[in-house]
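Structure file my_file_39.cif (mmCIF, C-alpha atoms) follows.
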data_entry
#
loop_
_atom_site.label_atom_id
_atom_site.label_comp_id
_atom_site.auth_asym_id
_atom_site.auth_seq_id
_atom_site.Cartn_x
_atom_site.Cartn_y
_atom_site.Cartn_z
CA ASP R 218 -12.80 -41.85 -53.73
CA ALA R 219 -10.89 -38.59 -53.50
CA GLU R 220 -10.10 -36.96 -56.81
CA ILE R 221 -8.95 -33.83 -58.56
CA THR R 222 -10.99 -32.65 -61.49
CA GLN R 223 -10.37 -29.99 -64.09
CA SER R 224 -12.85 -28.31 -66.39
CA PRO R 225 -13.24 -27.86 -69.22
CA ARG R 226 -11.11 -30.59 -70.83
CA HIS R 227 -10.81 -28.57 -74.03
CA LYS R 228 -11.28 -24.86 -74.66
CA ILE R 229 -10.85 -22.65 -77.71
CA THR R 230 -10.88 -18.92 -77.10
CA GLU R 231 -10.01 -15.75 -78.93
CA THR R 232 -7.06 -13.49 -78.29
CA GLY R 233 -7.84 -10.86 -75.68
CA ARG R 234 -10.66 -12.74 -73.96
CA GLN R 235 -10.63 -13.57 -70.27
CA VAL R 236 -10.65 -17.29 -69.58
CA THR R 237 -11.02 -19.19 -66.32
CA LEU R 238 -9.98 -22.81 -65.87
CA ALA R 239 -11.48 -24.67 -62.95
CA CYS R 240 -9.75 -27.06 -60.56
CA HIS R 241 -11.51 -28.91 -57.75
CA GLN R 242 -9.96 -31.43 -55.37
CA THR R 243 -11.50 -33.60 -52.68
CA TRP R 244 -8.20 -34.80 -51.18
CA ASN R 245 -8.37 -32.03 -48.57
CA HIS R 246 -4.83 -31.03 -49.54
CA ASN R 247 -3.69 -27.60 -48.45
CA ASN R 248 -1.19 -27.31 -51.32
CA MET R 249 -2.49 -26.68 -54.85
CA PHE R 250 -0.69 -25.82 -58.06
CA TRP R 251 -1.14 -24.85 -61.68
CA TYR R 252 1.37 -26.02 -64.28
CA ARG R 253 1.49 -25.61 -68.01
CA GLN R 254 2.94 -28.32 -70.24
CA ASP R 255 4.59 -27.47 -73.54
CA LEU R 256 6.62 -29.69 -75.83
CA GLY R 257 10.30 -29.32 -75.05
CA HIS R 258 9.68 -27.51 -71.77
CA GLY R 259 8.17 -30.17 -69.58
CA LEU R 260 5.93 -28.74 -66.87
CA ARG R 261 6.40 -25.20 -65.63
CA LEU R 262 4.86 -23.77 -62.48
CA ILE R 263 2.41 -20.91 -62.99
CA HIS R 264 0.94 -20.28 -59.52
CA TYR R 265 0.63 -22.16 -56.28
CA SER R 266 -1.20 -21.95 -52.99
CA TYR R 267 -0.36 -23.33 -49.55
CA GLY R 268 -3.82 -22.73 -48.14
CA VAL R 269 -6.94 -20.58 -48.13
CA GLN R 270 -6.24 -16.95 -49.02
CA ASP R 271 -2.61 -17.81 -49.87
CA THR R 272 -1.40 -17.49 -53.46
CA ASN R 273 2.10 -17.25 -54.90
CA LYS R 274 3.67 -16.68 -58.29
CA GLY R 275 5.59 -19.41 -60.00
CA GLU R 276 8.14 -19.44 -62.79
CA VAL R 277 5.76 -18.37 -65.58
CA SER R 278 3.05 -16.31 -63.85
CA ASP R 279 2.80 -13.32 -66.21
CA GLY R 280 -0.71 -13.03 -67.64
CA TYR R 281 -2.23 -15.45 -65.11
CA SER R 282 -3.92 -15.07 -61.75
CA VAL R 283 -5.41 -17.39 -59.13
CA SER R 284 -7.55 -17.07 -56.04
CA ARG R 285 -8.10 -19.46 -53.14
CA SER R 286 -11.31 -18.93 -51.21
CA ASN R 287 -11.65 -22.51 -49.94
CA THR R 288 -9.55 -25.65 -49.62
CA GLU R 289 -11.10 -27.45 -52.60
CA ASP R 290 -10.78 -24.96 -55.46
CA LEU R 291 -8.02 -23.05 -57.22
CA PRO R 292 -9.33 -21.44 -60.41
CA LEU R 293 -6.78 -20.13 -62.92
CA THR R 294 -7.66 -16.96 -64.84
CA LEU R 295 -6.02 -15.73 -68.00
CA GLU R 296 -6.73 -12.00 -67.89
CA SER R 297 -6.33 -11.38 -71.63
CA ALA R 298 -5.59 -14.56 -73.54
CA ALA R 299 -2.60 -14.55 -75.90
CA SER R 300 -1.52 -17.09 -78.51
CA SER R 301 1.57 -17.82 -76.39
CA GLN R 302 -0.78 -19.20 -73.74
CA THR R 303 -1.93 -22.02 -76.00
CA SER R 304 -0.91 -25.02 -73.92
CA VAL R 305 -2.08 -27.93 -71.80
CA TYR R 306 -2.78 -26.82 -68.25
CA PHE R 307 -2.54 -29.16 -65.27
CA CYS R 308 -3.83 -28.57 -61.81
CA ALA R 309 -2.27 -30.53 -58.97
CA SER R 310 -2.55 -30.91 -55.23
CA SER R 311 -0.25 -32.44 -52.66
CA GLU R 312 0.12 -33.12 -48.97
CA SER R 313 3.91 -32.99 -49.16
CA ILE R 314 6.66 -33.29 -51.77
CA TRP R 315 7.35 -36.80 -50.47
CA ASP R 316 3.81 -37.86 -51.28
CA GLY R 317 4.14 -36.45 -54.78
CA TYR R 318 1.72 -34.36 -56.75
CA THR R 319 -1.75 -35.62 -57.61
CA PHE R 320 -2.50 -34.16 -61.03
CA GLY R 321 -5.80 -33.61 -62.77
CA SER R 322 -6.30 -34.83 -66.33
CA GLY R 323 -5.52 -31.44 -67.85
CA THR R 324 -7.21 -28.73 -69.89
CA ARG R 325 -6.10 -28.22 -73.47
CA LEU R 326 -6.44 -24.48 -74.20
CA THR R 327 -6.13 -23.07 -77.68
CA VAL R 328 -5.99 -19.30 -78.18
CA VAL R 329 -6.80 -18.23 -81.74
CA GLN O 272 17.60 -21.72 -68.49
CA GLN O 273 16.45 -25.25 -67.87
CA GLN O 274 17.29 -26.43 -64.38
CA VAL O 275 17.08 -30.12 -65.28
CA LYS O 276 18.16 -31.44 -68.68
CA GLN O 277 16.61 -34.71 -69.79
CA SER O 278 17.54 -37.05 -72.63
CA PRO O 279 16.62 -38.59 -74.95
CA GLN O 280 13.48 -36.81 -76.10
CA SER O 281 12.07 -40.10 -77.39
CA LEU O 282 12.99 -43.74 -77.02
CA ILE O 283 11.91 -46.94 -78.74
CA VAL O 284 12.62 -50.23 -76.98
CA GLN O 285 11.63 -53.80 -77.76
CA LYS O 286 9.55 -55.71 -75.25
CA GLY O 287 11.83 -57.25 -72.65
CA GLY O 288 14.60 -54.74 -73.21
CA ILE O 289 16.04 -52.14 -70.87
CA SER O 290 14.88 -48.52 -71.14
CA ILE O 291 17.31 -45.88 -69.88
CA ILE O 292 16.47 -42.20 -69.46
CA ASN O 293 19.04 -39.70 -68.25
CA CYS O 294 18.87 -36.39 -66.45
CA ALA O 295 21.51 -33.86 -65.50
CA TYR O 296 21.45 -30.83 -63.23
CA GLU O 297 23.81 -28.03 -62.22
CA ASN O 298 22.42 -26.80 -58.90
CA THR O 299 24.15 -28.75 -56.13
CA ALA O 300 21.49 -27.54 -53.70
CA PHE O 301 18.97 -29.96 -55.23
CA ASP O 302 18.26 -32.68 -52.71
CA TYR O 303 15.24 -34.60 -53.97
CA PHE O 304 14.96 -36.31 -57.36
CA PRO O 305 11.63 -37.88 -58.37
CA TRP O 306 10.45 -39.43 -61.61
CA TYR O 307 6.93 -39.01 -62.92
CA GLN O 308 5.09 -41.17 -65.46
CA GLN O 309 2.41 -39.74 -67.73
CA PHE O 310 0.02 -41.71 -69.94
CA PRO O 311 -1.76 -39.99 -72.86
CA GLY O 312 -4.67 -37.84 -71.74
CA LYS O 313 -3.69 -38.09 -68.08
CA GLY O 314 -1.72 -36.03 -65.63
CA PRO O 315 1.73 -37.19 -64.49
CA ALA O 316 1.95 -39.52 -61.51
CA LEU O 317 4.83 -40.08 -59.10
CA LEU O 318 6.72 -43.24 -60.07
CA ILE O 319 9.82 -43.36 -57.87
CA ALA O 320 12.07 -40.89 -56.06
CA ILE O 321 15.56 -40.72 -54.56
CA ARG O 322 17.53 -38.53 -52.19
CA PRO O 323 21.25 -37.87 -52.76
CA ASP O 324 22.36 -39.86 -49.70
CA VAL O 325 21.89 -43.09 -51.68
CA SER O 326 23.25 -44.05 -55.09
CA GLU O 327 20.45 -46.35 -56.17
CA LYS O 328 16.80 -47.06 -55.44
CA LYS O 329 14.84 -49.94 -56.88
CA GLU O 330 11.09 -50.52 -56.95
CA GLY O 331 10.08 -53.55 -58.97
CA ARG O 332 11.33 -53.14 -62.54
CA PHE O 333 12.14 -49.45 -62.02
CA THR O 334 15.53 -48.29 -60.71
CA ILE O 335 16.94 -44.81 -60.15
CA SER O 336 20.72 -44.53 -60.34
CA PHE O 337 22.21 -41.38 -58.85
CA ASN O 338 25.72 -39.99 -59.40
CA LYS O 339 26.20 -37.02 -57.10
CA SER O 340 29.70 -36.11 -58.32
CA ALA O 341 28.57 -36.07 -61.96
CA LYS O 342 25.28 -34.37 -61.06
CA GLN O 343 23.36 -36.95 -63.05
CA PHE O 344 20.59 -39.40 -62.35
CA SER O 345 18.86 -41.93 -64.53
CA LEU O 346 15.81 -44.15 -64.69
CA HIS O 347 16.22 -47.76 -65.76
CA ILE O 348 13.19 -49.84 -66.70
CA MET O 349 14.07 -53.51 -66.76
CA ASP O 350 12.10 -56.02 -68.85
CA SER O 351 10.23 -53.15 -70.52
CA GLN O 352 6.60 -53.88 -71.37
CA PRO O 353 4.17 -52.26 -73.85
CA GLY O 354 2.23 -51.01 -70.82
CA ASP O 355 5.28 -48.93 -69.86
CA SER O 356 4.79 -46.82 -73.00
CA ALA O 357 4.33 -43.32 -71.61
CA THR O 358 6.13 -40.03 -71.18
CA TYR O 359 8.60 -39.91 -68.30
CA PHE O 360 9.68 -36.75 -66.51
CA CYS O 361 12.57 -36.40 -64.15
CA ALA O 362 12.49 -33.60 -61.61
CA ALA O 363 14.59 -32.00 -58.92
CA SER O 364 13.84 -29.81 -55.95
CA ARG O 365 15.63 -27.84 -53.27
CA GLN O 366 14.91 -28.25 -49.60
CA TYR O 367 11.66 -30.00 -50.37
CA ASN O 368 10.13 -26.73 -51.53
CA PHE O 369 7.33 -26.84 -54.05
CA ASN O 370 8.43 -23.52 -55.49
CA LYS O 371 11.95 -24.88 -56.04
CA PHE O 372 10.66 -27.93 -57.92
CA TYR O 373 11.75 -28.29 -61.55
CA PHE O 374 10.71 -30.83 -64.17
CA GLY O 375 12.80 -32.07 -67.09
CA SER O 376 11.45 -31.78 -70.62
CA GLY O 377 10.19 -35.36 -70.79
CA THR O 378 11.01 -38.58 -72.65
CA LYS O 379 8.39 -40.35 -74.72
CA LEU O 380 8.94 -44.10 -74.39
CA ASN O 381 7.47 -46.55 -76.88
CA VAL O 382 7.88 -50.22 -76.04
CA LYS O 383 7.21 -52.36 -79.10
CA PRO O 384 5.65 -55.82 -78.64
#
Write the structure described by the file as structure tokens, please.
Amino acid sequence: DAEITQSPRHKITETGRQVTLACHQTWNHNNMFWYRQDLGHGLRLIHYSYGVQDTNKGEVSDGYSVSRSNTEDLPLTLESAASSQTSVYFCASSESIWDGYTFGSGTRLTVV
Amino acid sequence: QQQVKQSPQSLIVQKGGISIINCAYENTAFDYFPWYQQFPGKGPALLIAIRPDVSEKKEGRFTISFNKSAKQFSLHIMDSQPGDSATYFCAASRQYNFNKFYFGSGTKLNVKP
């Protein structure tokens, strides 16, 4: 069965360290996304990609970067982790808005 | 500035009751309004969606009511069950663009047996 997987599920890192969160999908979707989920804010778009070599900034992109070298993967990198980036991060893919997002199970990141 | 305002933040309903979650928006350019359901430890999943050319959409026990003039839409869960206990997010988008897609802040629903 097709799926979207995120790793790790939990991560604790120190302020200033570079961190990369992995996202891998086997749906063959061109569209992939990273959201962060914080209490009281719902889900906010960090970065998104419409295909290989395409990346775009979302609403809360400062301090984050992504790259898309193939259809299946969209890793999210925190260049220099800050305590404000403590959050739950969700990767998603989609064929179209009408089909809805398929979300991964999330990565809980704590920056200490 | 939150594009979509959702209320209440949490909701407790008895089994068999009706759960009602409300959302409001200001941008009249929004033209697609989905609801997502999220269980603990999982990502959100599309539950039901509506376009503004209809005032109501029903799928099983779940109904979206849409009031274009008031710029409000709501989710009604009829005959609520303990298995419906989850966090619900409304959302809105413009012109079916992923980068113009905004989620509400979420409502945690607890259905008591």
Could you write out as a VMD selection string the residues that the PyMOL selection byres ((chain R and resi 296) around 10) matches in the shown file? chain R and resid 233 to 237 279 to 282 293 to 295 297 to 299
Counting all atoms listed in the file, which of R:Val329, R:Ala219, R:Tyr252, R:Ser301 gets nearest to Lys274 of chain R?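 Counting all atoms listed in the file, the residue closest to Lys274 of chain R is R:Tyr252.
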Apply the PyMOL selection byres ((chain R) within 10 of (chain O)) to the displayed file and report the matching residues as an NGL selection string. :R and (226 or 248-250 or 254-267 or 273-276 or 306-309 or 311 or 313-325)
Preceding selection exported with C-alpha atoms as a compact mmCIF listing (two decimals), in the frame of the given file:
# COMPACT_ATOMS: atom_id res chain seq x y z
CA ARG R 226 -11.11 -30.59 -70.83
CA ASN R 248 -1.19 -27.31 -51.32
CA MET R 249 -2.49 -26.68 -54.85
CA PHE R 250 -0.69 -25.82 -58.06
CA GLN R 254 2.94 -28.32 -70.24
CA ASP R 255 4.59 -27.47 -73.54
CA LEU R 256 6.62 -29.69 -75.83
CA GLY R 257 10.30 -29.32 -75.05
CA HIS R 258 9.68 -27.51 -71.77
CA GLY R 259 8.17 -30.17 -69.58
CA LEU R 260 5.93 -28.74 -66.87
CA ARG R 261 6.40 -25.20 -65.63
CA LEU R 262 4.86 -23.77 -62.48
CA ILE R 263 2.41 -20.91 -62.99
CA HIS R 264 0.94 -20.28 -59.52
CA TYR R 265 0.63 -22.16 -56.28
CA SER R 266 -1.20 -21.95 -52.99
CA TYR R 267 -0.36 -23.33 -49.55
CA ASN R 273 2.10 -17.25 -54.90
CA LYS R 274 3.67 -16.68 -58.29
CA GLY R 275 5.59 -19.41 -60.00
CA GLU R 276 8.14 -19.44 -62.79
CA TYR R 306 -2.78 -26.82 -68.25
CA PHE R 307 -2.54 -29.16 -65.27
CA CYS R 308 -3.83 -28.57 -61.81
CA ALA R 309 -2.27 -30.53 -58.97
CA SER R 311 -0.25 -32.44 -52.66
CA SER R 313 3.91 -32.99 -49.16
CA ILE R 314 6.66 -33.29 -51.77
CA TRP R 315 7.35 -36.80 -50.47
CA ASP R 316 3.81 -37.86 -51.28
CA GLY R 317 4.14 -36.45 -54.78
CA TYR R 318 1.72 -34.36 -56.75
CA THR R 319 -1.75 -35.62 -57.61
CA PHE R 320 -2.50 -34.16 -61.03
CA GLY R 321 -5.80 -33.61 -62.77
CA SER R 322 -6.30 -34.83 -66.33
CA GLY R 323 -5.52 -31.44 -67.85
CA THR R 324 -7.21 -28.73 -69.89
CA ARG R 325 -6.10 -28.22 -73.47
Might you pull out every residue within 6 Å of segment 345-357 of chain O, with all atoms listed in the file counted and same-chain residues fewer than 3 positions away left off, and present them as a VMD selection string? chain O and resid 286 to 294 309 to 310 332 to 336 379 to 382
What is the distance, in Å and to one decimal place, between atom CA of Asp302 of chain O and atom CA of Gln343 of chain O?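 Distance reported for this atom pair: 12.3 Å.
Of the residues under consideration (R:Asp271, R:Glu231, R:Asp218, R:Asp290), R:Glu231 shows the shortest atom-to-atom contact distance to Leu326 of chain R when counting all atoms listed in the file.
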May I ask for the distance between atom CA of Ser304 of chain R and atom CA of Arg253 of chain R, given in Å to one decimal place?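 A separation of 6.4 Å between them.
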Residues selected by the PyMOL selection byres ((chain O and resi 337) around 9), written as a ChimeraX atom specification: /O:304,321-323,325-328,335-336,338-339,341-345
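Reported to one decimal place, the separation of atom CA of Gly331 of chain O from atom CA of Ile221 of chain R is 27.4 Å.
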Using all atoms listed in the file, which of the listed residues (R:Leu238, R:Val269, R:Val328, R:Ile229) sits closest to Thr288 of chain R?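 Of R:Leu238, R:Val269, R:Val328, R:Ile229, the one nearest Thr288 of chain R, counting all atoms listed in the file, is R:Val269.
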Subset file as a compact mmCIF listing (two decimals), in the first residue's frame: segment 226-288 of chain R, C-alpha atoms:
# COMPACT_ATOMS: atom_id res chain seq x y z
CA ARG R 226 9.03 10.35 15.29
CA HIS R 227 10.66 12.22 18.16
CA LYS R 228 13.79 14.36 18.25
CA ILE R 229 15.46 16.42 20.94
CA THR R 230 18.19 18.79 19.80
CA GLU R 231 20.16 21.69 21.15
CA THR R 232 19.82 25.32 20.17
CA GLY R 233 22.02 26.19 17.21
CA ARG R 234 22.31 22.68 15.80
CA GLN R 235 21.29 21.79 12.26
CA VAL R 236 18.47 19.27 12.12
CA THR R 237 16.96 17.43 9.17
CA LEU R 238 13.54 15.79 9.25
CA ALA R 239 12.84 13.15 6.63
CA CYS R 240 9.68 12.64 4.61
CA HIS R 241 9.17 9.83 2.10
CA GLN R 242 6.03 9.11 0.10
CA THR R 243 5.16 6.27 -2.23
CA TRP R 244 1.93 7.80 -3.57
CA ASN R 245 3.82 9.23 -6.55
CA HIS R 246 2.33 12.63 -5.76
CA ASN R 247 4.01 15.63 -7.34
CA ASN R 248 2.87 17.97 -4.56
CA MET R 249 4.56 17.76 -1.15
CA PHE R 250 4.35 20.00 1.89
CA TRP R 251 5.73 20.66 5.34
CA TYR R 252 3.48 22.03 8.06
CA ARG R 253 4.09 22.77 11.70
CA GLN R 254 1.36 22.31 14.28
CA ASP R 255 1.23 24.44 17.42
CA LEU R 256 -1.52 24.73 19.99
CA GLY R 257 -3.76 27.66 19.14
CA HIS R 258 -2.35 28.04 15.64
CA GLY R 259 -3.55 24.95 13.86
CA LEU R 260 -1.29 23.94 10.99
CA ARG R 261 0.90 26.48 9.24
CA LEU R 262 2.66 25.95 5.93
CA ILE R 263 6.45 26.03 6.04
CA HIS R 264 7.53 24.99 2.53
CA TYR R 265 6.00 23.21 -0.40
CA SER R 266 7.03 21.64 -3.68
CA TYR R 267 5.09 21.02 -6.89
CA GLY R 268 7.68 18.68 -8.35
CA VAL R 269 11.34 17.75 -8.65
CA GLN R 270 13.66 20.74 -8.30
CA ASP R 271 10.71 22.97 -7.35
CA THR R 272 10.52 24.46 -3.85
CA ASN R 273 8.53 27.38 -2.49
CA LYS R 274 8.27 29.28 0.78
CA GLY R 275 5.15 29.10 2.85
CA GLU R 276 3.73 31.27 5.59
CA VAL R 277 6.39 30.47 8.22
CA SER R 278 9.53 29.61 6.23
CA ASP R 279 12.17 31.61 8.13
CA GLY R 280 14.85 29.31 9.52
CA TYR R 281 13.80 26.33 7.38
CA SER R 282 14.84 24.98 4.01
CA VAL R 283 13.83 22.08 1.76
CA SER R 284 15.17 20.38 -1.32
CA ARG R 285 13.45 18.11 -3.85
CA SER R 286 15.77 15.86 -5.81
CA ASN R 287 13.21 13.13 -6.55
CA THR R 288 9.45 12.62 -6.42
